[in-house]
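Here the structure comes first, spelled out in C-alpha cells, and everything after it is commentary.
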Amino acid sequence: KFEYNSYYNDIASIAEDGTILATKPGLAHFSINVRNTNGTAKSGYLYILVDGSENTVNYVERLIAIAMGELGTKEVNTYTKYGDWFKNGYGSYDWCNMFVSWCANQAGIPNSIIPRESGVASTRSWFEKKGLFKYKEEYTPKRGDLIIFLSEGASHIGIVTGVKDGRVYTVEGNTSNMVAERNYPLEYKTITGYATPDYASLNFNYNE
C-alpha cells in the first residue's frame with residue numbers, strides 16, 4: 001500500500017493515487033510511505049522539478065468534482081481515510097474540515113489558497129486574517145466558497161456547489177457520518193458565513 005503526502009504544496013501536490021498536480025514552476029517535495037498488510041512501513045521522499053507555462057486549470061470545478069465523487073463515503077467504526085490522510089492517528093477524529101483539505105489537495109489547490117487544517121475554527125481564522133471571510137448577512141456565496149456553521153460551540157464546514165432560489169447548496173463531509181449533499185436557506189440560523197478562497201490568484205480562466 002502506497003501513501004503519499006505533500007505538506008508544502010504551493011508548487012505541486014500529490015493525489016491519493018499518486019498523480020502529481022503542478023501549480024507553478026519550482027521544486028516540489030513529497031513524502032511516500034509503503035505499508036504492508038501487517039502495518040510495517042518504510043518512508044522516503046520524492047522531489048519533482050516542475051517546469052511549464054501559465055496555469056489554466058479551473059480549480060473551482062475540479063474541487064467540486066472531486067468532492068462530489070466522494071458522495072456516499074461513510075465512516076467505518078468512526079474511521080475515515082480523510083483523517084488518516086491528514087495525519088497518522090487522526091482517522092477517527094471529527095473530519096468535516098479534513099475532508100475539505102483532502103479535496104483541495106486532490107484538486108491540486110495549494111495550502112496558500114485553502115489551508116491544510118483539521119479544525120473549522122483554525123480555517124475560519126486563517127481566512128479572516130486574509131480578509132477572505134464574509135458573514136452571511138453581507139454576502140451571497142458563490143460556487144467554490146466554503147460554508148462555515150457555528151451552533152452552541154460546535155462548528156462545521158462544507159463546500160458550496162451553488163445558490164438558487166434563496167438556498168445555498170453544498171457537499172459536506174461528516175454530515176450524518178458520511179459525505180453528502182445538503183441545502184439550506186441563505187438565512188439559516190447556524191450558518192455563520194463563508195470563506196472565499198482566492199482562486200483567481202492561481203492564474204487560470206476564472207469567471208466571477
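If you're wondering about the labels, chains in the C-alpha cells are A, B, ... by order shown, residues count from 1 in each chain, ligands from 1 in order shown.
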Fewer than 4 positions away in the same chain doesn't count, so skip those; otherwise give me all residues within 10 Å of region 60-68 of chain A, counting only C-alpha atoms, as a ChimeraX atom specification. /A:72,99-100,102-109,143-145,158-161,170-173,179-181,197,199-200,206
Residues at most 7 Å from region 120-128 of chain A, counting only C-alpha atoms, excluding those fewer than 3 positions away in the same chain, as a count of residues only? 10
Using DSSP assignments from the backbone, pull out every residue in chain A that falls under strand (DSSP E) and give it to me as JSON, numbers by chain. {"A": [2, 3, 4, 5, 12, 13, 14, 20, 21, 22, 26, 27, 28, 29, 30, 31, 32, 33, 34, 35, 41, 42, 43, 44, 45, 46, 47, 48, 49, 50, 133, 134, 135, 146, 147, 148, 149, 150, 151, 154, 155, 156, 157, 158, 159, 160, 161, 162, 163, 164, 167, 168, 169, 170, 171, 172, 173, 174, 175, 178, 179, 180, 181, 182, 183, 184, 185, 191, 192, 193, 194, 195]}
Kindly give the distance, in Å, that separates CA of Tyr45 (chain A) and CA of Glu70 (chain A), rounded to a single decimal. 27.9 Å
Write out as a PDB file with N, CA and C atoms, in the first residue's frame which residues come within 10 Å of Tyr139 (chain A) when counting only C-alpha atoms, dropping same-chain ones fewer than 6 positions away.
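Just written: result07.pdb:
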```pdb
ATOM      1  N   PHE A 133     -13.047  36.234   4.745  1.00  0.00           N
ATOM      2  CA  PHE A 133     -14.214  35.633   5.395  1.00  0.00           C
ATOM      3  C   PHE A 133     -15.358  36.633   5.349  1.00  0.00           C
ATOM      4  N   LEU A 186     -30.584  30.692   2.768  1.00  0.00           N
ATOM      5  CA  LEU A 186     -29.419  31.552   2.941  1.00  0.00           C
ATOM      6  C   LEU A 186     -29.356  32.168   4.332  1.00  0.00           C
ATOM      7  N   GLY A 193     -21.030  32.141   8.107  1.00  0.00           N
ATOM      8  CA  GLY A 193     -20.567  32.882   6.938  1.00  0.00           C
ATOM      9  C   GLY A 193     -19.813  31.992   5.982  1.00  0.00           C
ATOM     10  N   TYR A 194     -18.965  32.620   5.164  1.00  0.00           N
ATOM     11  CA  TYR A 194     -18.319  31.906   4.076  1.00  0.00           C
ATOM     12  C   TYR A 194     -16.846  32.319   3.950  1.00  0.00           C
TER      13      TYR A 194
END
```
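Considering only C-alpha atoms, the residue among A:Trp85, A:Tyr93, A:Tyr169, A:Phe149 positioned nearest to Thr190 (chain A) is A:Phe149.
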